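Read through the structure below, which is laid out as structure tokens, and then see the notes.
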Amino acid sequence: MISATPIRKAVIPAAGLGTRLLPTTKSVPKELLPILDKPALQYVVEEAAEASIEQVIIVTAPGKESIAAYFRPDPRLESRLARSGAHELAERVRRAASLAEVSFVIQRQPLGLGHAVLTAKDAVGDEPFVVMLPDDIVAHSPGVTSQMLEVHREFGGGVVAVAPTPWETVHNYGVVDVSPAGERVYRINGLVEKPPREKAPSNLTIVGRYLLPPQIFECLERTAPGAKGEIQLTDGMSLLLEDHPLYAYEFLGRRYDTGTPLGLLRASLEFALAREDTRGATEAMLQEVTNHRGEC
Ligand code: G1P
């Protein structure tokens with residue numbers, strides 16, 4: 001067992017344009033679109049809080065101010081709800097703003113995921129931290145971030161969440177080249193962002209959770225634009241690998257890509273089916289929808 005520095009900070013990049021969810025995302029950040037009854041972003045902040053992360057740094061872009069508003073306490077709303085007897089709702093509103101200490105940095109230009117993470121350099125400082133992409137929601141208890149902290153405690157080094165993916169879709173992701181290191185854990189030998197299928201070193205693709213040492217920032221400063229002409233986090237990690245070990249962890253849990261309309265719908269449905277208070281009504285609704293298919 002390697003003793004590891006406690007991980008206190010999470011960076012959540014939320015500066016993207018949300019192209020796959022236009023036109024909604026013209027005025028509503030995709031990170032605030034609901035999965036069942038809570039914004040996607042809140043699931044991610046809850047996952048961070050469960051992993052004892054104290055500070056959440058959200059990278060936003062000009063025009064996405066409503067993200068900061070979401071995390072601001074709203075005592076007037078809370079007391080109005082409490083006065084009308086909606087105590088449980090008041091508590092849910094209060095909880096959204098008090099899960100962790102949330103701060104914001106602005107990425108002024110959309111230069112890529114690596115650049116977004118680099119924007120948080122001063123806010124993170126000289127300590128290891130996690131990066132959580134809010135498009136990727138993983139349903140599991142314990143959460144994927146808690147699982148990764150466990151891997152970090154055992155192996156040290158950086159940790160990247162990965163999942164086996166059908167070969168036809170590997171070109172949409174970062175892909176790792178690995179050697180086995182433990183149960184569900186691999187030593188990373190190399191990484192490549194969005195390779196064509198024939199150049200992919202494996203079908204283990206990166207899911208948006210990373211535990212990284214602060215040295216990643218120097219690497220990102222040296223990273224040239226890569227796939228899509230953007231500064232890629234995956235390319236920064238390739239430079240990091242020259243001096244720092246990185247592990248890939250095949251996490252437990254089901255992953256949802258909530259950055260598309262159908263991904264959001266699927267996550268909402270499956271979450272509603274998994275929850276006791278919504279299961280019955282959702283099953284009945286699905287039955288009705290199936291019966292009426294073709295009628296509208
Ligand atoms: C980003 C990363 C990619 C990773 C993916 C996971 O890609 O660059 O390596 O596999 O997230 O969701 P994006 O989805 O922003 O194109």
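Numbering starts fresh at 1 for the residues of each chain in the structure tokens, the chains themselves are lettered A, B, ... in the order given, and ligands are numbered from 1 as they appear.
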
Around ligand 1, which protein and nucleic acid residues have at least one atom no more than 9 Å from it, if we count only C-alpha atoms and all ligand atoms? List them as an mmCIF file with all heavy atoms, in the first residue's frame.
data_model
loop_
_atom_site.group_PDB
_atom_site.id
_atom_site.type_symbol
_atom_site.label_atom_id
_atom_site.label_comp_id
_atom_site.auth_asym_id
_atom_site.auth_seq_id
_atom_site.Cartn_x
_atom_site.Cartn_y
_atom_site.Cartn_z
ATOM 1 N N GLY A 16 -18.274 23.864 -22.393
ATOM 2 C CA GLY A 16 -18.557 23.490 -23.783
ATOM 3 C C GLY A 16 -19.827 24.135 -24.320
ATOM 4 O O GLY A 16 -20.670 24.622 -23.564
ATOM 5 N N GLY A 112 -10.447 23.621 -26.061
ATOM 6 C CA GLY A 112 -10.345 22.181 -25.816
ATOM 7 C C GLY A 112 -10.376 21.819 -24.340
ATOM 8 O O GLY A 112 -10.210 22.674 -23.465
ATOM 9 N N LEU A 113 -10.581 20.510 -24.095
ATOM 10 C CA LEU A 113 -10.695 20.009 -22.720
ATOM 11 C C LEU A 113 -9.400 20.235 -21.931
ATOM 12 O O LEU A 113 -9.431 20.626 -20.758
ATOM 13 C CB LEU A 113 -11.057 18.509 -22.758
ATOM 14 C CG LEU A 113 -11.127 17.793 -21.426
ATOM 15 C CD1 LEU A 113 -12.181 18.419 -20.513
ATOM 16 C CD2 LEU A 113 -11.424 16.303 -21.630
ATOM 17 N N GLY A 114 -8.249 19.981 -22.578
ATOM 18 C CA GLY A 114 -6.962 20.178 -21.893
ATOM 19 C C GLY A 114 -6.812 21.625 -21.466
ATOM 20 O O GLY A 114 -6.382 21.928 -20.342
ATOM 21 N N LEU A 133 -15.959 14.909 -15.861
ATOM 22 C CA LEU A 133 -16.704 15.462 -17.002
ATOM 23 C C LEU A 133 -18.197 15.216 -16.782
ATOM 24 O O LEU A 133 -18.628 14.059 -16.662
ATOM 25 C CB LEU A 133 -16.252 14.803 -18.315
ATOM 26 C CG LEU A 133 -14.746 14.809 -18.607
ATOM 27 C CD1 LEU A 133 -14.492 14.330 -20.037
ATOM 28 C CD2 LEU A 133 -14.140 16.182 -18.391
ATOM 29 N N PRO A 134 -18.982 16.298 -16.727
ATOM 30 C CA PRO A 134 -20.387 16.117 -16.335
ATOM 31 C C PRO A 134 -21.277 15.456 -17.381
ATOM 32 O O PRO A 134 -22.406 15.085 -17.067
ATOM 33 C CB PRO A 134 -20.851 17.548 -16.035
ATOM 34 C CG PRO A 134 -19.902 18.439 -16.730
ATOM 35 C CD PRO A 134 -18.607 17.705 -16.889
ATOM 36 N N ASP A 135 -20.782 15.263 -18.617
ATOM 37 C CA ASP A 135 -21.551 14.494 -19.603
ATOM 38 C C ASP A 135 -21.618 13.023 -19.217
ATOM 39 O O ASP A 135 -22.531 12.313 -19.605
ATOM 40 C CB ASP A 135 -20.833 14.508 -20.964
ATOM 41 C CG ASP A 135 -21.230 15.698 -21.806
ATOM 42 O OD1 ASP A 135 -22.009 16.527 -21.315
ATOM 43 O OD2 ASP A 135 -20.748 15.772 -22.951
ATOM 44 N N ASP A 136 -20.591 12.570 -18.525
ATOM 45 C CA ASP A 136 -20.513 11.156 -18.149
ATOM 46 C C ASP A 136 -21.072 10.977 -16.749
ATOM 47 O O ASP A 136 -20.476 11.424 -15.761
ATOM 48 C CB ASP A 136 -19.053 10.670 -18.180
ATOM 49 C CG ASP A 136 -18.546 10.461 -19.593
ATOM 50 O OD1 ASP A 136 -19.354 10.106 -20.475
ATOM 51 O OD2 ASP A 136 -17.342 10.660 -19.826
ATOM 52 N N VAL A 162 -11.778 3.868 -17.231
ATOM 53 C CA VAL A 162 -11.939 3.334 -18.596
ATOM 54 C C VAL A 162 -13.071 2.307 -18.623
ATOM 55 O O VAL A 162 -13.456 1.762 -17.589
ATOM 56 C CB VAL A 162 -10.644 2.667 -19.128
ATOM 57 C CG1 VAL A 162 -9.518 3.665 -19.262
ATOM 58 C CG2 VAL A 162 -10.228 1.473 -18.268
ATOM 59 N N VAL A 170 -14.846 3.245 -30.931
ATOM 60 C CA VAL A 170 -13.647 3.708 -30.198
ATOM 61 C C VAL A 170 -13.133 5.059 -30.729
ATOM 62 O O VAL A 170 -12.532 5.831 -29.973
ATOM 63 C CB VAL A 170 -12.471 2.691 -30.212
ATOM 64 C CG1 VAL A 170 -12.746 1.484 -29.351
ATOM 65 C CG2 VAL A 170 -12.113 2.282 -31.618
ATOM 66 N N ASN A 172 -14.556 7.697 -31.099
ATOM 67 C CA ASN A 172 -15.182 8.847 -30.421
ATOM 68 C C ASN A 172 -14.515 9.201 -29.093
ATOM 69 O O ASN A 172 -14.925 10.151 -28.426
ATOM 70 C CB ASN A 172 -16.654 8.523 -30.083
ATOM 71 C CG ASN A 172 -17.479 8.346 -31.327
ATOM 72 O OD1 ASN A 172 -17.300 9.103 -32.276
ATOM 73 N ND2 ASN A 172 -18.361 7.363 -31.339
ATOM 74 N N TYR A 173 -13.524 8.409 -28.687
ATOM 75 C CA TYR A 173 -13.009 8.529 -27.313
ATOM 76 C C TYR A 173 -11.486 8.613 -27.265
ATOM 77 O O TYR A 173 -10.815 8.382 -28.267
ATOM 78 C CB TYR A 173 -13.431 7.282 -26.511
ATOM 79 C CG TYR A 173 -14.917 7.106 -26.411
ATOM 80 C CD1 TYR A 173 -15.577 6.205 -27.243
ATOM 81 C CD2 TYR A 173 -15.662 7.825 -25.489
ATOM 82 C CE1 TYR A 173 -16.955 6.028 -27.158
ATOM 83 C CE2 TYR A 173 -17.036 7.660 -25.387
ATOM 84 C CZ TYR A 173 -17.672 6.764 -26.226
ATOM 85 O OH TYR A 173 -19.029 6.599 -26.143
ATOM 86 N N GLY A 174 -10.983 8.873 -26.043
ATOM 87 C CA GLY A 174 -9.568 8.653 -25.774
ATOM 88 C C GLY A 174 -9.409 7.159 -25.535
ATOM 89 O O GLY A 174 -10.276 6.525 -24.928
ATOM 90 N N VAL A 175 -8.303 6.578 -26.043
ATOM 91 C CA VAL A 175 -8.104 5.129 -25.931
ATOM 92 C C VAL A 175 -6.754 4.865 -25.265
ATOM 93 O O VAL A 175 -5.785 5.596 -25.508
ATOM 94 C CB VAL A 175 -8.145 4.471 -27.338
ATOM 95 C CG1 VAL A 175 -8.016 2.955 -27.236
ATOM 96 C CG2 VAL A 175 -9.434 4.838 -28.070
ATOM 97 N N LEU A 191 -1.483 6.632 -24.575
ATOM 98 C CA LEU A 191 -2.872 7.065 -24.758
ATOM 99 C C LEU A 191 -2.999 7.775 -26.090
ATOM 100 O O LEU A 191 -2.063 8.446 -26.533
ATOM 101 C CB LEU A 191 -3.308 8.092 -23.692
ATOM 102 C CG LEU A 191 -3.025 7.868 -22.227
ATOM 103 C CD1 LEU A 191 -1.765 8.614 -21.819
ATOM 104 C CD2 LEU A 191 -4.191 8.369 -21.407
ATOM 105 N N VAL A 192 -4.160 7.657 -26.711
ATOM 106 C CA VAL A 192 -4.379 8.375 -27.962
ATOM 107 C C VAL A 192 -5.824 8.873 -28.013
ATOM 108 O O VAL A 192 -6.745 8.168 -27.594
ATOM 109 C CB VAL A 192 -3.954 7.505 -29.189
ATOM 110 C CG1 VAL A 192 -4.478 6.108 -29.093
ATOM 111 C CG2 VAL A 192 -4.366 8.145 -30.501
ATOM 112 N N GLU A 193 -5.977 10.129 -28.457
ATOM 113 C CA GLU A 193 -7.306 10.743 -28.490
ATOM 114 C C GLU A 193 -7.974 10.482 -29.838
ATOM 115 O O GLU A 193 -7.411 10.788 -30.893
ATOM 116 C CB GLU A 193 -7.184 12.253 -28.226
ATOM 117 C CG GLU A 193 -8.502 13.020 -28.230
ATOM 118 C CD GLU A 193 -9.453 12.672 -27.075
ATOM 119 O OE1 GLU A 193 -9.029 12.009 -26.115
ATOM 120 O OE2 GLU A 193 -10.623 13.064 -27.156
ATOM 121 N N LYS A 194 -9.160 9.923 -29.796
ATOM 122 C CA LYS A 194 -10.018 9.688 -30.965
ATOM 123 C C LYS A 194 -9.259 9.101 -32.165
ATOM 124 O O LYS A 194 -9.234 9.692 -33.252
ATOM 125 C CB LYS A 194 -10.722 10.996 -31.352
ATOM 126 C CG LYS A 194 -11.607 11.533 -30.215
ATOM 127 C CD LYS A 194 -12.537 12.625 -30.642
ATOM 128 C CE LYS A 194 -13.552 12.994 -29.576
ATOM 129 N NZ LYS A 194 -13.059 13.530 -28.335
ATOM 130 N N THR A 205 -11.746 2.501 -23.501
ATOM 131 C CA THR A 205 -11.830 3.940 -23.774
ATOM 132 C C THR A 205 -11.996 4.731 -22.478
ATOM 133 O O THR A 205 -12.495 4.217 -21.471
ATOM 134 C CB THR A 205 -13.007 4.260 -24.714
ATOM 135 O OG1 THR A 205 -14.227 3.925 -24.062
ATOM 136 C CG2 THR A 205 -12.900 3.491 -26.025
ATOM 137 N N ILE A 206 -11.574 5.993 -22.546
ATOM 138 C CA ILE A 206 -11.592 6.847 -21.359
ATOM 139 C C ILE A 206 -13.012 7.348 -21.097
ATOM 140 O O ILE A 206 -13.683 7.843 -21.995
ATOM 141 C CB ILE A 206 -10.642 8.051 -21.554
ATOM 142 C CG1 ILE A 206 -9.202 7.549 -21.767
ATOM 143 C CG2 ILE A 206 -10.728 9.017 -20.374
ATOM 144 C CD1 ILE A 206 -8.197 8.638 -22.075
ATOM 145 N N VAL A 207 -13.445 7.190 -19.865
ATOM 146 C CA VAL A 207 -14.717 7.754 -19.396
ATOM 147 C C VAL A 207 -14.323 8.960 -18.536
ATOM 148 O O VAL A 207 -13.260 8.957 -17.928
ATOM 149 C CB VAL A 207 -15.500 6.676 -18.607
ATOM 150 C CG1 VAL A 207 -16.737 7.253 -17.953
ATOM 151 C CG2 VAL A 207 -15.878 5.546 -19.554
ATOM 152 N N GLY A 208 -15.166 9.992 -18.504
ATOM 153 C CA GLY A 208 -14.724 11.279 -17.954
ATOM 154 C C GLY A 208 -14.436 11.398 -16.471
ATOM 155 O O GLY A 208 -15.003 12.253 -15.782
ATOM 156 N N ARG A 209 -13.550 10.588 -15.942
ATOM 157 C CA ARG A 209 -13.089 10.738 -14.557
ATOM 158 C C ARG A 209 -11.582 10.513 -14.540
ATOM 159 O O ARG A 209 -11.107 9.467 -15.034
ATOM 160 C CB ARG A 209 -13.733 9.707 -13.613
ATOM 161 C CG ARG A 209 -15.234 9.795 -13.498
ATOM 162 C CD ARG A 209 -15.719 11.069 -12.781
ATOM 163 N NE ARG A 209 -17.151 11.037 -12.613
ATOM 164 C CZ ARG A 209 -18.012 11.437 -13.552
ATOM 165 N NH1 ARG A 209 -17.589 11.894 -14.715
ATOM 166 N NH2 ARG A 209 -19.310 11.392 -13.320
ATOM 167 N N ALA A 227 -6.382 16.414 -31.815
ATOM 168 C CA ALA A 227 -7.662 16.069 -32.461
ATOM 169 C C ALA A 227 -8.582 17.288 -32.448
ATOM 170 O O ALA A 227 -8.640 18.025 -31.459
ATOM 171 C CB ALA A 227 -8.314 14.899 -31.716
ATOM 172 N N GLN A 232 -5.863 18.787 -26.104
ATOM 173 C CA GLN A 232 -6.538 17.618 -25.547
ATOM 174 C C GLN A 232 -5.915 17.198 -24.220
ATOM 175 O O GLN A 232 -4.692 17.129 -24.095
ATOM 176 C CB GLN A 232 -6.467 16.450 -26.547
ATOM 177 C CG GLN A 232 -7.186 16.715 -27.866
ATOM 178 C CD GLN A 232 -8.713 16.789 -27.703
ATOM 179 O OE1 GLN A 232 -9.268 16.411 -26.655
ATOM 180 N NE2 GLN A 232 -9.396 17.283 -28.723
ATOM 181 N N LEU A 233 -6.769 16.865 -23.255
ATOM 182 C CA LEU A 233 -6.285 16.357 -21.964
ATOM 183 C C LEU A 233 -5.518 15.044 -22.175
ATOM 184 O O LEU A 233 -4.486 14.800 -21.546
ATOM 185 C CB LEU A 233 -7.488 16.147 -21.027
ATOM 186 C CG LEU A 233 -7.185 15.647 -19.622
ATOM 187 C CD1 LEU A 233 -6.191 16.557 -18.895
ATOM 188 C CD2 LEU A 233 -8.473 15.524 -18.799
ATOM 189 N N THR A 234 -6.016 14.225 -23.095
ATOM 190 C CA THR A 234 -5.357 12.938 -23.377
ATOM 191 C C THR A 234 -3.907 13.169 -23.829
ATOM 192 O O THR A 234 -2.997 12.450 -23.400
ATOM 193 C CB THR A 234 -6.136 12.183 -24.482
ATOM 194 O OG1 THR A 234 -7.495 12.069 -24.054
ATOM 195 C CG2 THR A 234 -5.577 10.807 -24.743
ATOM 196 N N ASP A 257 -24.056 8.641 -21.326
ATOM 197 C CA ASP A 257 -23.589 9.856 -21.991
ATOM 198 C C ASP A 257 -24.779 10.805 -22.065
ATOM 199 O O ASP A 257 -25.673 10.644 -22.886
ATOM 200 C CB ASP A 257 -23.071 9.524 -23.388
ATOM 201 C CG ASP A 257 -22.688 10.797 -24.153
ATOM 202 O OD1 ASP A 257 -22.736 11.895 -23.563
ATOM 203 O OD2 ASP A 257 -22.343 10.689 -25.342
ATOM 204 N N GLY A 259 -24.826 13.888 -22.879
ATOM 205 C CA GLY A 259 -24.596 15.041 -23.749
ATOM 206 C C GLY A 259 -25.421 15.001 -25.032
ATOM 207 O O GLY A 259 -25.234 15.838 -25.915
#

message: Excluding Ala272 of chain A and its own-chain neighbours fewer than 5 positions away, which residues fall within 7 Å of it when counting only C-alpha atoms? Please give them as an MDAnalysis selection string.
response: chainID A and resid 36 278:279 282

Could you write out that same residue set with N, CA and C atoms as a short mmCIF file (atom, residue, chain, number, x, y, z; two decimals), in the first residue's frame?
data_model
loop_
_atom_site.label_atom_id
_atom_site.label_comp_id
_atom_site.auth_asym_id
_atom_site.auth_seq_id
_atom_site.Cartn_x
_atom_site.Cartn_y
_atom_site.Cartn_z
N LEU A 36 -34.09 12.99 -14.86
CA LEU A 36 -35.25 12.80 -13.99
C LEU A 36 -35.59 14.11 -13.25
N THR A 278 -40.52 6.16 -8.11
CA THR A 278 -40.94 6.47 -9.48
C THR A 278 -41.08 5.21 -10.36
N ARG A 279 -40.67 4.05 -9.83
CA ARG A 279 -40.63 2.84 -10.65
C ARG A 279 -42.01 2.47 -11.22
N THR A 282 -43.39 4.75 -13.87
CA THR A 282 -42.58 4.72 -15.09
C THR A 282 -42.87 3.45 -15.88
#

Close residues, Phe217 of chain A itself excluded, 10 Å, only C-alpha atoms, min 2 positions apart in chain, as a ChimeraX atom specification: /A:114-115,117-122,124-126,212-215,219-223,233,236-237,240

Writer output for current selection, N, CA, C and O atoms, as a tab-separated table (two decimals), in the first residue's frame:
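Result file follows (result_11.tsv):
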chain	number	residue	atom	x	y	z
A	114	GLY	N	-8.25	19.98	-22.58
A	114	GLY	CA	-6.96	20.18	-21.89
A	114	GLY	C	-6.81	21.62	-21.47
A	114	GLY	O	-6.38	21.93	-20.34
A	115	HIS	N	-7.20	22.53	-22.34
A	115	HIS	CA	-7.12	23.96	-22.04
A	115	HIS	C	-8.08	24.33	-20.91
A	115	HIS	O	-7.74	25.14	-20.03
A	117	VAL	N	-8.99	22.43	-18.43
A	117	VAL	CA	-8.39	21.97	-17.17
A	117	VAL	C	-7.25	22.91	-16.77
A	117	VAL	O	-7.11	23.30	-15.60
A	118	LEU	N	-6.47	23.34	-17.76
A	118	LEU	CA	-5.36	24.26	-17.49
A	118	LEU	C	-5.85	25.59	-16.90
A	118	LEU	O	-5.17	26.19	-16.06
A	119	THR	N	-7.05	26.01	-17.29
A	119	THR	CA	-7.63	27.25	-16.76
A	119	THR	C	-7.77	27.17	-15.23
A	119	THR	O	-7.78	28.20	-14.55
A	120	ALA	N	-7.89	25.96	-14.69
A	120	ALA	CA	-8.09	25.79	-13.25
A	120	ALA	C	-6.77	25.66	-12.49
A	120	ALA	O	-6.77	25.40	-11.28
A	121	LYS	N	-5.63	25.89	-13.19
A	121	LYS	CA	-4.31	25.67	-12.56
A	121	LYS	C	-4.15	26.41	-11.22
A	121	LYS	O	-3.79	25.81	-10.21
A	122	ASP	N	-4.43	27.71	-11.20
A	122	ASP	CA	-4.21	28.48	-9.96
A	122	ASP	C	-5.17	28.04	-8.86
A	122	ASP	O	-4.83	28.03	-7.68
A	124	VAL	N	-6.35	25.08	-8.39
A	124	VAL	CA	-5.97	23.77	-7.86
A	124	VAL	C	-4.68	23.87	-7.04
A	124	VAL	O	-4.58	23.33	-5.95
A	125	GLY	N	-3.69	24.61	-7.57
A	125	GLY	CA	-2.41	24.73	-6.86
A	125	GLY	C	-1.60	23.46	-6.98
A	125	GLY	O	-1.77	22.67	-7.92
A	126	ASP	N	-0.76	23.23	-5.97
A	126	ASP	CA	0.24	22.17	-6.07
A	126	ASP	C	-0.21	20.89	-5.36
A	126	ASP	O	0.43	20.44	-4.43
A	212	LEU	N	-5.36	13.16	-11.13
A	212	LEU	CA	-4.10	13.59	-11.74
A	212	LEU	C	-3.20	14.33	-10.76
A	212	LEU	O	-3.69	15.05	-9.88
A	213	PRO	N	-1.87	14.21	-10.94
A	213	PRO	CA	-0.95	15.00	-10.12
A	213	PRO	C	-0.89	16.43	-10.69
A	213	PRO	O	-1.22	16.65	-11.87
A	214	PRO	N	-0.43	17.41	-9.89
A	214	PRO	CA	-0.41	18.80	-10.37
A	214	PRO	C	0.54	19.01	-11.55
A	214	PRO	O	0.40	19.99	-12.29
A	215	GLN	N	1.47	18.07	-11.75
A	215	GLN	CA	2.42	18.19	-12.88
A	215	GLN	C	1.70	18.17	-14.23
A	215	GLN	O	2.26	18.54	-15.25
A	219	CYS	N	2.49	19.95	-18.25
A	219	CYS	CA	2.36	19.15	-19.48
A	219	CYS	C	1.35	19.80	-20.41
A	219	CYS	O	1.57	19.89	-21.62
A	220	LEU	N	0.23	20.28	-19.86
A	220	LEU	CA	-0.80	20.91	-20.71
A	220	LEU	C	-0.27	22.20	-21.32
A	220	LEU	O	-0.63	22.57	-22.44
A	221	GLU	N	0.63	22.88	-20.58
A	221	GLU	CA	1.21	24.11	-21.14
A	221	GLU	C	2.06	23.80	-22.37
A	221	GLU	O	2.22	24.63	-23.24
A	222	ARG	N	2.60	22.57	-22.40
A	222	ARG	CA	3.46	22.18	-23.53
A	222	ARG	C	2.70	21.44	-24.62
A	222	ARG	O	3.28	21.00	-25.61
A	223	THR	N	1.39	21.20	-24.39
A	223	THR	CA	0.62	20.37	-25.33
A	223	THR	C	0.16	21.17	-26.55
A	223	THR	O	-0.50	22.21	-26.40
A	233	LEU	N	-6.77	16.87	-23.26
A	233	LEU	CA	-6.29	16.36	-21.96
A	233	LEU	C	-5.52	15.04	-22.18
A	233	LEU	O	-4.49	14.80	-21.55
A	236	GLY	N	-2.03	15.77	-23.10
A	236	GLY	CA	-1.30	16.23	-21.91
A	236	GLY	C	-0.89	15.04	-21.06
A	236	GLY	O	0.23	14.98	-20.54
A	237	MET	N	-1.78	14.05	-20.94
A	237	MET	CA	-1.45	12.87	-20.13
A	237	MET	C	-0.37	12.03	-20.79
A	237	MET	O	0.41	11.38	-20.10
A	240	LEU	N	2.69	13.56	-19.59
A	240	LEU	CA	2.83	13.27	-18.15
A	240	LEU	C	3.42	11.88	-17.93
A	240	LEU	O	4.24	11.67	-17.03

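Considering only C-alpha atoms, the residue among A:Asp37, A:Leu111, A:Thr5, A:Val56 positioned nearest to Arg92 of chain A is A:Asp37.
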
- prompt: Mind checking DSSP for segment 85-248 of chain A and telling me the strand (DSSP E or B) residues as number ranges by chain?
  reply: A: 101-106, 129-132, 136-139, 158-164, 174-182, 185-193, 204-212, 246-248

- request: Would you kindly return, as a VMD selection string, each protein, DNA or RNA residue with an atom no farther than 10 Å from any atom of Arg254 of chain A, considering only C-alpha atoms and excluding same-chain residues fewer than 6 positions away?
  value: chain A and resid 137 to 140 144 163 267

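Counting from atom CA of His244 of chain A, the distance to atom CA of Ile188 of chain A is 10.4 Å.
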